[in-house]
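The structure appears below as structure tokens.
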There are 6 protein chains.
Amino acid sequence: MSEIVKDTAERIRILQVQGARNVAIAAVKAIQTLAEKTRAKNKAAFLSELKEAQTIFVASRETEPLMRNAIRFINTKVQSAGTEKVAELSRLVFSAAEQFLTDLDTSREYISEIGAKRIHEGMVIFTHCHSSTVTRMIAKAKKQGKTFKVICTETRPAFQGRITAKELLDLGIETTFIVDSAARTFIGDADLVVVGADAITSEGNVVNKIGTSAIAVLAYEARKPFYAVSELLKFDPETLGGECEKIEQRNTVEIWSEAPSKLTLRNPAFDVTPNRYIHGLICEEGIIAPQAVVEVMRRRYPWIFLV
Amino acid sequence: MSEIVKDTAERIRILQVQGARNVAIAAVKAIQTLAEKTRAKNKAAFLSELKEAQTIFVASRETEPLMRNAIRFINTKVQSAGTEKVAELSRLVFSAAEQFLTDLDTSREYISEIGAKRIHEGMVIFTHCHSSTVTRMIAKAKKQGKTFKVICTETRPAFQGRITAKELLDLGIETTFIVDSAARTFIGDADLVVVGADAITSEGNVVNKIGTSAIAVLAYEARKPFYAVSELLKFDPETLGGECEKIEQRNTVEIWSEAPSKLTLRNPAFDVTPNRYIHGLICEEGIIAPQAVVEVMRRRYPWIFLV
Amino acid sequence: MSEIVKDTAERIRILQVQGARNVAIAAVKAIQTLAEKTRAKNKAAFLSELKEAQTIFVASRETEPLMRNAIRFINTKVQSAGTEKVAELSRLVFSAAEQFLTDLDTSREYISEIGAKRIHEGMVIFTHCHSSTVTRMIAKAKKQGKTFKVICTETRPAFQGRITAKELLDLGIETTFIVDSAARTFIGDADLVVVGADAITSEGNVVNKIGTSAIAVLAYEARKPFYAVSELLKFDPETLGGECEKIEQRNTVEIWSEAPSKLTLRNPAFDVTPNRYIHGLICEEGIIAPQAVVEVMRRRYPWIFLV
Amino acid sequence: MSEIVKDTAERIRILQVQGARNVAIAAVKAIQTLAEKTRAKNKAAFLSELKEAQTIFVASRETEPLMRNAIRFINTKVQSAGTEKVAELSRLVFSAAEQFLTDLDTSREYISEIGAKRIHEGMVIFTHCHSSTVTRMIAKAKKQGKTFKVICTETRPAFQGRITAKELLDLGIETTFIVDSAARTFIGDADLVVVGADAITSEGNVVNKIGTSAIAVLAYEARKPFYAVSELLKFDPETLGGECEKIEQRNTVEIWSEAPSKLTLRNPAFDVTPNRYIHGLICEEGIIAPQAVVEVMRRRYPWIFLV
Amino acid sequence: MSEIVKDTAERIRILQVQGARNVAIAAVKAIQTLAEKTRAKNKAAFLSELKEAQTIFVASRETEPLMRNAIRFINTKVQSAGTEKVAELSRLVFSAAEQFLTDLDTSREYISEIGAKRIHEGMVIFTHCHSSTVTRMIAKAKKQGKTFKVICTETRPAFQGRITAKELLDLGIETTFIVDSAARTFIGDADLVVVGADAITSEGNVVNKIGTSAIAVLAYEARKPFYAVSELLKFDPETLGGECEKIEQRNTVEIWSEAPSKLTLRNPAFDVTPNRYIHGLICEEGIIAPQAVVEVMRRRYPWIFLV
Amino acid sequence: MSEIVKDTAERIRILQVQGARNVAIAAVKAIQTLAEKTRAKNKAAFLSELKEAQTIFVASRETEPLMRNAIRFINTKVQSAGTEKVAELSRLVFSAAEQFLTDLDTSREYISEIGAKRIHEGMVIFTHCHSSTVTRMIAKAKKQGKTFKVICTETRPAFQGRITAKELLDLGIETTFIVDSAARTFIGDADLVVVGADAITSEGNVVNKIGTSAIAVLAYEARKPFYAVSELLKFDPETLGGECEKIEQRNTVEIWSEAPSKLTLRNPAFDVTPNRYIHGLICEEGIIAPQAVVEVMRRRYPWIFLV
């Protein structure tokens with residue numbers, strides 16, 4: 001196995017690579033390198049290498065369906081290719097990888113465009129954690145000349161809200177910053193709630209940073225529209241097959257580095273927002289009800305359901 | 001004006017004294033000293049000193065009805081006293097202050113006793129922030145030999161949950177510690193939610209540490225009984241007269257000490273939990289529906305309604 | 001029977017006198033005149049006249065507990081008086097009537113004062129129909145120099161919202177006017193919902209102009225505080241005894257004067273808002289949870305429960 | 001100890017005596033006999049006998065606050081009596097017992113009168129289990145000449161709904177009979193839901209036959225008014241002091257007499273309906289919000305709070 | 001540009017043509033005329049004329065997706081036609097237009113058939129505003145010999161409910177007529193709530209006459225099934241692309257012709273009912289969950305998504 | 001007509017055959033026999049026999065869409081067959097029937113596999129009535145070595161819960177057994193609620209044993225995930241066309257064999273759980289939101305929509 005796969009997987013495992021997109025890109029790049037440097041003699045051997053890489057990456061981090069879908073996409077292409085020649089298969093890996101990443105960029109661009117239409121002059125937007133897709137959508141609205149404000153939470157334990165706040169300030173957007181538990185106090189001032197997603201389940205539930213589902217409940221309580229903004233490629237086909245999306249349990253040092261030794265600390269990275277609290281999914285298909293996601297995936301990404 | 005009043009008020013203002021009880025005790029002690037050292041020549045002058053102290057303490061910190069009620073109790077006693085002799089009035093201040101503090105202790109003891117009855121063998125209890133009344137109630141149940149677990153939130157920005165966690169561990173109670181925004185994930189494991197209170201309004205709403213009302217909503221969503229544990233002396237009679245309980249806005253450095261200069265930070269110390277989310281108020285009267293609080297106060301503490 | 005009673009009752013019946021206060025005042029004045037002109041020879045005869053007047057007024061209009069309480073107050077005073085002299089009893093009617101009306105004024109003044117404290121700079125207030133108590137409370141806030149806006153509904157079928165709108169504009173308040181069924185669209189812009197009351201039941205439900213209960217539901221859906229502003233003397237003690245508050249059915253010509261002959265028109269003047277949708281009752285007692293109303297009445301107006 | 005106490009307690013224990021009223025009456029009668037036959041030489045000895053009887057009866061069955069309050073009433077009378085003479089105390093027991101039972105009858109009669117006012121011509125009433133107070137209230141409405149229908153559940157496991165159905169048919173009332181789990185299907189046809197109560201807690205929750213709380217939830221879902229009909233003497237003062245109302249666990253043979261041996265059967269006799277699902281409590285005070293119950297009890301039955 | 005297009009668009013603009021169907025038909029007819037009279041020399045010129053007509057019609061009135069879809073259908077047909085001959089293209093416009101209108105009729109007929117099956121003997125139906133599709137569905141049930149009643153609201157400000165009432169009476173249906181704000185009082189008597197639609201969004205929300213969403217909330221509160229009855233061709237594909245459905249703001253004279261000059265009047269013609277309050281969409285596909293609408297449209301009307 | 005069809009239909013009618021699967025299998029087997037023994041001379045005659053059998057089976061029992069779909073599948077195959085030869089058509093009936101039954105088995109096997117993944121170590125599962133699919137899914141989890149508990153209701157009136165309890169005990173699963181109306185008391189102990197289905201409507205509602213919808217409401221109240229476990233072949237295409245799923249009314253002797261003669265007993269076998277209470281449908285497609293069911297059926301079983 002090419003060292004690049006193991007190294008990349010390790011960097012993913014120890015959180016040197018973070019964010020669903022970055023993790024997917026890193027894995028895809030590593031597999032491209034793997035394919036480029038392969039010494040496999042035939043298709044079977046080549047496929048075996050790809051499978052092994054897949055296994056390593058899948059094991060590197062839970063709650064990363066985008067990465068898993070990226071690898072699934074590449075491997076499916078290779079498996080169904082008409083050729084047996086390794087050189088051609090290697091080029092196919094390269095082109096499939098490029099296509100996946102290009103499609104991902106196109107999706108994100110389109111999502112930010114349609115999402116920006118939901119941001120109107122004078123609005124107050126509420127967000128949680130950091131999502132590059134959400135930031136891009138907000139930036140797009142700003143570039144369109146709209147004036148609006150954003151309230152963002154600090155997002156304990158890793159304070160990703162600080163990244164969001166800095167990015168928004170750099171974009172010249174008036175930003176208010178609060179602790180997570182002040183969400184109920186401030187959500188009444190918001191006109192729109194937008195969050196990213198780390199995974200989308202077959203029932204149309206959204207897995208996102210811990211605290212998201214509470215904000216969804218509070219948005220519901222205050223009749224505020226709550227949207228998840230995400231590429232559909234974060235859909236996890238294994239949930240269709242009965243799996244619960246695995247929730248990564250992060251290092252508890254993030255919460256309290258000098259905690260008493262007998263204390264049990266729990267640090268789940270994500271939670272699950274049920275579809276009934278989600279007004280819509282802003283995705284590359286447009287804005288849809290999350291309950292329809294299975295059929296949209298079947299039509300748009302049929303390969304995702306192939307084993 | 002005795003320096004002790006100004007000094008104490010200043011210590012309260014800069015958060016050197018914290019917690020509704022401690023603040024009330026500090027103010028009462030200062031007024032005892034003031035009364036002891038008074039040079040007032042007559043009742044009017046003495047009362048004027050007391051009123052001045054009251055004004056200073058009221059200005060020192062918002063959201064402190066317990067302290068305000070303590071002073072109100074003492075001043076009402078002096079005002080309605082039959083004597084004009086300053087020495088007697090001074091002694092009356094002393095005895096009224098002692099009575100108030102003794103009653104407060106008795107209340108807390110009784111509250112912890114009846115609250116402990118709601119903690120049953122094997123339960124999981126969920127709590128937020130730090131409340132000495134809540135800790136005492138939990139400690140009582142532990143001393144009764146019951147085995148149970150507690151989940152407590154860290155309570156950003158000031159991490160009072162760490163104090164709670166340490167106290168619980170010292171009591172030998174198995175404790176789990178989570179970030180505030182993980183409340184929805186873990187509340188499903190709980191059998192009982194208990195929080196303290198900083199103020200109780202005339203409608204039976206409870207003012208408590210920021211984040212409390214969100215936990216109440218999440219407890220409601222999961223059909224978990226949510227109780228506020230508090231001395232009724234935290235009732236704020238001014239809410240009956242139309243005032244909204246003022247919410248102290250704390251220093252935003254607590255949230256992010258090196259925040260970008262253009263960022264607006266908001267740091268309200270408390271929020272308001274509406275009565276409909278509160279299963280009951282565990283107080284010196286017993287366990288009551290919060291909607292009945294006005295009448296309980298009228299019967300039990302009629303002096304609180306005197307101007 | 002003095003003609004004044006019959007005439008006044010008739011004017012009430014045909015809606016020449018409108019509004020709970022005006023109806024109560026008219027009835028009280030008529031009874032004062034009756035007492036003044038009485039030819040009764042003894043207490044029994046005098047009481048009999050009063051009872052007859054009571055019967056006539058009660059029959060004149062449904063859903064008028066304030067008027068009924070006013071008469072109840074006067075008659076109770078006479079009944080329990082130590083004297084048998086008609087002249088003295090007649091004077092007692094006069095003074096009791098004056099006391100009732102004075103207390104009513106004092107209550108309204110106090111209600112407007114405490115209610116005004118809930119109106120903060122920059123707020124948007126939502127109201128329905130016309131209530132002199134609500135207008136007075138809003139006017140008070142305006143006189144205190146606060147700037148705020150009001151949204152009011154037209155209040156079909158009788159368009160009382162137009163009266164409210166005119167009064168608010170005369171007070172210099174920025175006012176928005178909408179049809180009743182636009183309430184859900186605009187309630188999201190409001191910070192506070194206030195309505196009057198025609199009757200308060202023993203369970204703490206509020207009877208008010210048709211449409212009020214729907215607004216309460218919509219306020220609840222949008223987490224907007226909904227307050228009923230009313231003198232407690234609109235409490236109807238007969239609801240304690242099991243009666244449902246009778247709902248006046250007005251002339252259907254108000255709805256459609258040239259309706260097809262076969263069409264059934266229904267024109268109830270009021271509806272009932274359940275206590276769970278009411279954040280608080282702003283009344284002469286202060287701001288209270290509606291569920292406590294029975295006990296507040298028992299303490300404050302014990303005579304209302306005497307048969 | 002008189003045999004009568006032990007025998008009666010045993011009959012209560014083995015369910016030969018059933019229904020809160022019957023149980024209370026049996027215990028009161030036994031205590032009357034005990035007092036009549038006492039050989040106590042002085043007040044202390046007499047009181048000691050009474051206390052012993054109390055202990056025996058309290059142990060005989062859980063969830064019987066009416067019986068406990070009856071004994072509490074008698075013992076409080078004896079304890080606070082001015083005399084030391086046993087013969088007088090014995091007579092006092094007798095008269096207190098009579099007074100308690102008379103008051104209970106008066107309450108029930110008044111409750112049925114005011115409850116009957118809520119039953120209007122043409123209504124459909126939904127009820128669960130068997131409650132003599134509910135039946136009496138329905139009978140009263142029938143006697144007033146009203147025509148209405150009743151839907152009643154069979155009330156597993158003991159089929160008390162059959163008793164209700166027979167009584168209603170005997171009264172000439174059109175009655176529909178369904179299994180418990182058909183409640184959601186039929187509650188949409190109802191205009192009013194009425195149930196009895198076995199205990200009322202200090203928070204205003206109602207303890208009643210298993211299944212009641214589910215019906216309350218379903219009534220709430222369908223916006224149907226749900227009333228508990230009960231003497232306030234079923235209030236349990238121990239809940240004020242922190243106790244949860246104990247829920248009697250009945251013999252599981254009632255559920256399945258030939259159940260497989262390894263099967264765990266659970267047969268709680270009662271459940272708890274939270275105050276927020278209860279439109280009102282129809283009681284001897286009238287129709288009140290359940291949240292006010294503590295204060296109503298303090299005013300009406302102050303002796304119940306004496307230890 | 002043919003005058004017919006401008007004239008028709010103007011008649012639409014000034015509300016001389018009303019109702020989604022009528023507006024669509026008028027526009028289609030005008031485009032047929034335009035095509036018939038065209039002097040375009042080639043396909044490009046012809047298409048340019050069609051595009052211009054489209055622009056004019058789109059600008060004539062907001063919230064008219066049916067009209068926009070009709071034009072979209074015709075233009076798509078022309079654009080994708082194999083021929084370059086204007087005469088043929090003109091005939092194609094004609095046939096496409098006919099097809100669209102025929103399909104619309106067929107849809108409506110089918111909708112009324114399946115909708116009528118939901119109307120059962122003895123039911124009470126609640127409706128709001130006027131919808132020819134709803135009336136037709138009710139008429140169908142009547143023709144099937146079913147006896148039922150309808151409650152309809154007057155629908156301020158334009159009183160379209162009066163049209164509905166007259167049509168229903170003409171059909172021999174027992175009809176009750178109420179003001180809009182009496183909806184909560186009367187919805188409890190209903191078994192079924194049906195409304196039309198002016199637009200359907202990609203999330204499955206329904207845009208309909210102002211007041212509809214409040215009725216949906218009230219139907220939900222009372223567990224009454226709420227159905228939107230509409231051709232799927234009112235689906236607005238632009239909502240998929242992020243647009244909020246524009247809500248037409250009508251002339252405020254409709255509300256109050258002699259309003260005080262300083263009064264702000266707001267007269268939105270429509271509101272948005274969220275999918276979670278909608279039991280089903282009764283449409284040409286059958287009765288479906290609104291959340292599935294995007295996929296149903298993709299399968300049934302793929303041309304609607306072409307730019 | 002072959003006697004086998006009539007006999008089988010009769011056995012279905014009198015409940016000798018029970019359970020959606022068993023009923024479908026019996027009907028399919030009978031039709032196989034019918035086809036085998038046919039004396040039809042041509043396709044038309046053969047089809048006529050099949051249609052007659054269909055009519056007889058449809059009439060035998062309401063609420064049996066699985067059986068109806070089975071027959072629909074076979075008849076559609078025959079109708080669209082290229083041959084006119086009866087012998088071939090007879091063989092086609094046989095093979096279509098085998099295919100249907102095989103697919104049904106495969107579906108059930110797959111459903112139990114994916115459903116079992118939702119059962120985690122240590123869970124408590126709540127179920128109602130008896131469903132072979134649910135039992136199989138639970139059995140699968142048990143075979144995977146997981147330890148968990150099940151709470152099941154007795155399911156009046158026919159006590160199908162006893163069958164479930166026995167099957168679970170036989171599988172070695174710790175089982176608790178309660179009366180139906182104890183559901184609200186015990187659902188708080190559950191981690192997962194699973195029920196079967198007798199029919200699925202086009203809106204994604206689930207028709208299942210009476211009591212199911214109440215359990216869904218109670219699961220919702222307690223935030224417990226509620227899943228329906230069912231083959232999609234229980235989808236009823238007639239609901240798409242406007243029909244309400246017919247609810248079988250069973251013999252009332254089941255409820256009370258010696259009921260008073262004047263008593264009206266109602267014994268609906270099923271109720272309808274609205275899609276908003278259903279977290280997901282566990283079916284042969286995987287776990288999906290019920291709102292998507294129409295599109296899933298269109299893609300997966302297009303023949304079901306053919307008339």
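Every chain in the structure tokens takes a letter, A first, then B, and so on in the order presented; its residues are numbered from 1, and the ligands are numbered from 1 following the presented order.
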
Closest pair table for chain C residues within 8 Å of chain A, only C-alpha atoms, as a Markdown table:
```
| residue | atom | partner | partner_atom | distance |
| --- | --- | --- | --- | --- |
| C:Glu221 | CA | A:Arg223 | CA | 6.3 |
| C:Ala222 | CA | A:Ala222 | CA | 4.7 |
| C:Arg223 | CA | A:Ala222 | CA | 4.8 |
| C:Lys224 | CA | A:Ala222 | CA | 7.9 |
```

Requested write-out: N, CA and C atoms of the selected residues, as a PDB file, in the first residue's frame:
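As a result, selection13.pdb now contains:
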```
ATOM      1  N   GLU C 221     -47.493  29.907  18.576  1.00  0.00           N
ATOM      2  CA  GLU C 221     -46.718  29.238  17.521  1.00  0.00           C
ATOM      3  C   GLU C 221     -45.418  30.003  17.227  1.00  0.00           C
ATOM      4  N   ALA C 222     -45.472  31.322  17.396  1.00  0.00           N
ATOM      5  CA  ALA C 222     -44.305  32.145  17.060  1.00  0.00           C
ATOM      6  C   ALA C 222     -43.531  32.600  18.295  1.00  0.00           C
ATOM      7  N   ARG C 223     -43.854  31.991  19.454  1.00  0.00           N
ATOM      8  CA  ARG C 223     -43.184  32.319  20.735  1.00  0.00           C
ATOM      9  C   ARG C 223     -43.247  33.802  21.064  1.00  0.00           C
ATOM     10  N   LYS C 224     -44.393  34.418  20.830  1.00  0.00           N
ATOM     11  CA  LYS C 224     -44.581  35.821  21.158  1.00  0.00           C
ATOM     12  C   LYS C 224     -45.400  35.921  22.434  1.00  0.00           C
TER      13      LYS C 224
END
```

| message | For the structure I just gave you, how does DSSP split segment 88-251 of chain D - specifically, which residues are alpha helix (DSSP H)? Reply as a PyMOL selection string. | response | chain D and resi 88-117+132-143+160-170+183-186+212-221+237-240

Let me see the file: selected residues, C-alpha atoms, as a compact mmCIF listing (two decimals), in the first residue's frame.
```
# COMPACT_ATOMS: atom_id res chain seq x y z
CA GLU D 88 -65.50 13.05 75.29
CA LEU D 89 -62.68 12.31 72.89
CA SER D 90 -64.46 9.19 71.78
CA ARG D 91 -67.57 11.22 71.05
CA LEU D 92 -65.39 13.69 69.23
CA VAL D 93 -64.09 10.92 67.00
CA PHE D 94 -67.63 10.00 66.23
CA SER D 95 -68.75 13.52 65.41
CA ALA D 96 -65.60 14.32 63.41
CA ALA D 97 -66.07 11.17 61.40
CA GLU D 98 -69.71 12.03 60.75
CA GLN D 99 -68.73 15.54 59.74
CA PHE D 100 -66.11 14.27 57.34
CA LEU D 101 -68.53 11.88 55.67
CA THR D 102 -71.28 14.47 55.52
CA ASP D 103 -68.93 17.02 54.00
CA LEU D 104 -67.83 14.44 51.48
CA ASP D 105 -71.43 13.81 50.48
CA THR D 106 -72.14 17.51 50.24
CA SER D 107 -69.05 17.98 48.10
CA ARG D 108 -70.02 15.21 45.77
CA GLU D 109 -73.52 16.56 45.44
CA TYR D 110 -72.21 20.05 44.67
CA ILE D 111 -69.65 18.68 42.22
CA SER D 112 -72.31 16.78 40.34
CA GLU D 113 -74.41 19.92 40.16
CA ILE D 114 -71.73 22.17 38.71
CA GLY D 115 -70.32 19.43 36.51
CA ALA D 116 -73.78 18.78 35.08
CA LYS D 117 -73.86 22.38 33.87
CA SER D 132 -69.10 7.32 41.21
CA THR D 133 -68.61 11.09 41.18
CA VAL D 134 -68.52 11.17 37.39
CA THR D 135 -71.56 8.91 37.13
CA ARG D 136 -73.45 11.08 39.57
CA MET D 137 -72.61 14.20 37.59
CA ILE D 138 -73.77 12.58 34.37
CA ALA D 139 -76.91 11.29 36.08
CA LYS D 140 -77.67 14.80 37.28
CA ALA D 141 -77.50 16.14 33.73
CA LYS D 142 -79.78 13.34 32.58
CA LYS D 143 -82.28 14.15 35.31
CA GLN D 160 -64.48 -1.14 35.43
CA GLY D 161 -65.80 0.43 32.25
CA ARG D 162 -68.44 -2.29 32.25
CA ILE D 163 -69.77 -0.99 35.54
CA THR D 164 -69.90 2.51 34.10
CA ALA D 165 -71.64 1.28 30.97
CA LYS D 166 -74.28 -0.58 32.96
CA GLU D 167 -74.96 2.38 35.22
CA LEU D 168 -75.30 4.70 32.26
CA LEU D 169 -77.65 2.35 30.45
CA ASP D 170 -79.72 2.05 33.62
CA ALA D 183 -59.57 6.12 22.46
CA ARG D 184 -57.77 8.07 19.72
CA THR D 185 -60.22 6.88 17.08
CA PHE D 186 -63.31 7.94 19.06
CA THR D 212 -56.12 8.37 31.99
CA SER D 213 -52.97 10.31 31.13
CA ALA D 214 -52.90 8.89 27.60
CA ILE D 215 -56.50 9.97 27.12
CA ALA D 216 -55.54 13.42 28.36
CA VAL D 217 -52.75 13.61 25.78
CA LEU D 218 -55.12 12.48 23.04
CA ALA D 219 -57.77 14.98 24.16
CA TYR D 220 -55.13 17.69 24.01
CA GLU D 221 -54.08 16.59 20.52
CA PRO D 237 -50.44 16.80 51.27
CA GLU D 238 -47.42 14.50 51.27
CA THR D 239 -46.76 15.44 47.65
CA LEU D 240 -46.27 19.01 48.82
```

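Interatomic distance, atom CA of Asp236 of chain A against atom CA of Gly286 of chain F: 12.2 Å.
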
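You will find atom CA of Leu263 of chain E at 11.4 Å from atom CA of Lys149 of chain C.
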
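Across the model, the gap from atom CA of Leu232 of chain C to atom CA of Ile4 of chain C is 27.8 Å.
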
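Near Val229 of chain F, within a cut-off of 7 Å and counting only C-alpha atoms, sit the residues Thr133, Val134, Val194, Val195, Gly196, Ala197, Leu281, Ile282 and Cys283 of chain F, with same-chain residues fewer than 6 positions away left out.
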
| query | If we count only C-alpha atoms, what is near Val86 of chain D at a cut-off of 12 Å, once residues fewer than 2 positions away on the same chain are taken out, given as JSON, numbers by chain? | reply | {"D": [35, 36, 37, 38, 39, 40, 41, 42, 43, 44, 45, 46, 47, 49, 78, 79, 81, 82, 83, 84, 88, 89, 90, 91, 92, 93]}

| Neighbours of segment 9-11 of chain E within 7 Å (only C-alpha atoms; same-chain residues fewer than 4 positions away dropped), as a PyMOL selection string? | chain E and resi 5+15-17+56-57+60

| request: Name the residues in contact with Glu121 of chain A at a cut-off of 9 Å, using only C-alpha atoms, excluding same-chain residues fewer than 6 positions from it; report them as a PyMOL selection string. | output: chain A and resi 145-148

| said: Need to verify the contact set: Ala259 of chain C, 12 Å, only C-alpha atoms, exclusion of same-chain residues closer than 2 positions in sequence. Can you return it as a ChimeraX atom specification? | reply: /C:252-257,261-266 /E:154,159,161-163,165-166,169,175-178

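Here the question is which of F:Gly211, F:Pro225, F:Gly204, F:Pro290 gets nearest to Val179 of chain F using only C-alpha atoms, and that residue is F:Gly211.
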
| request: as a VMD selection string, list the residues of segment 38-268 of chain F assigned to strand (DSSP E or B) by DSSP on the backbone atoms of this structure. | output: chain F and resid 124 to 127 149 to 153 174 to 178 192 to 195 199 to 200 206 to 209 226 to 229 235 249 264 to 265 268
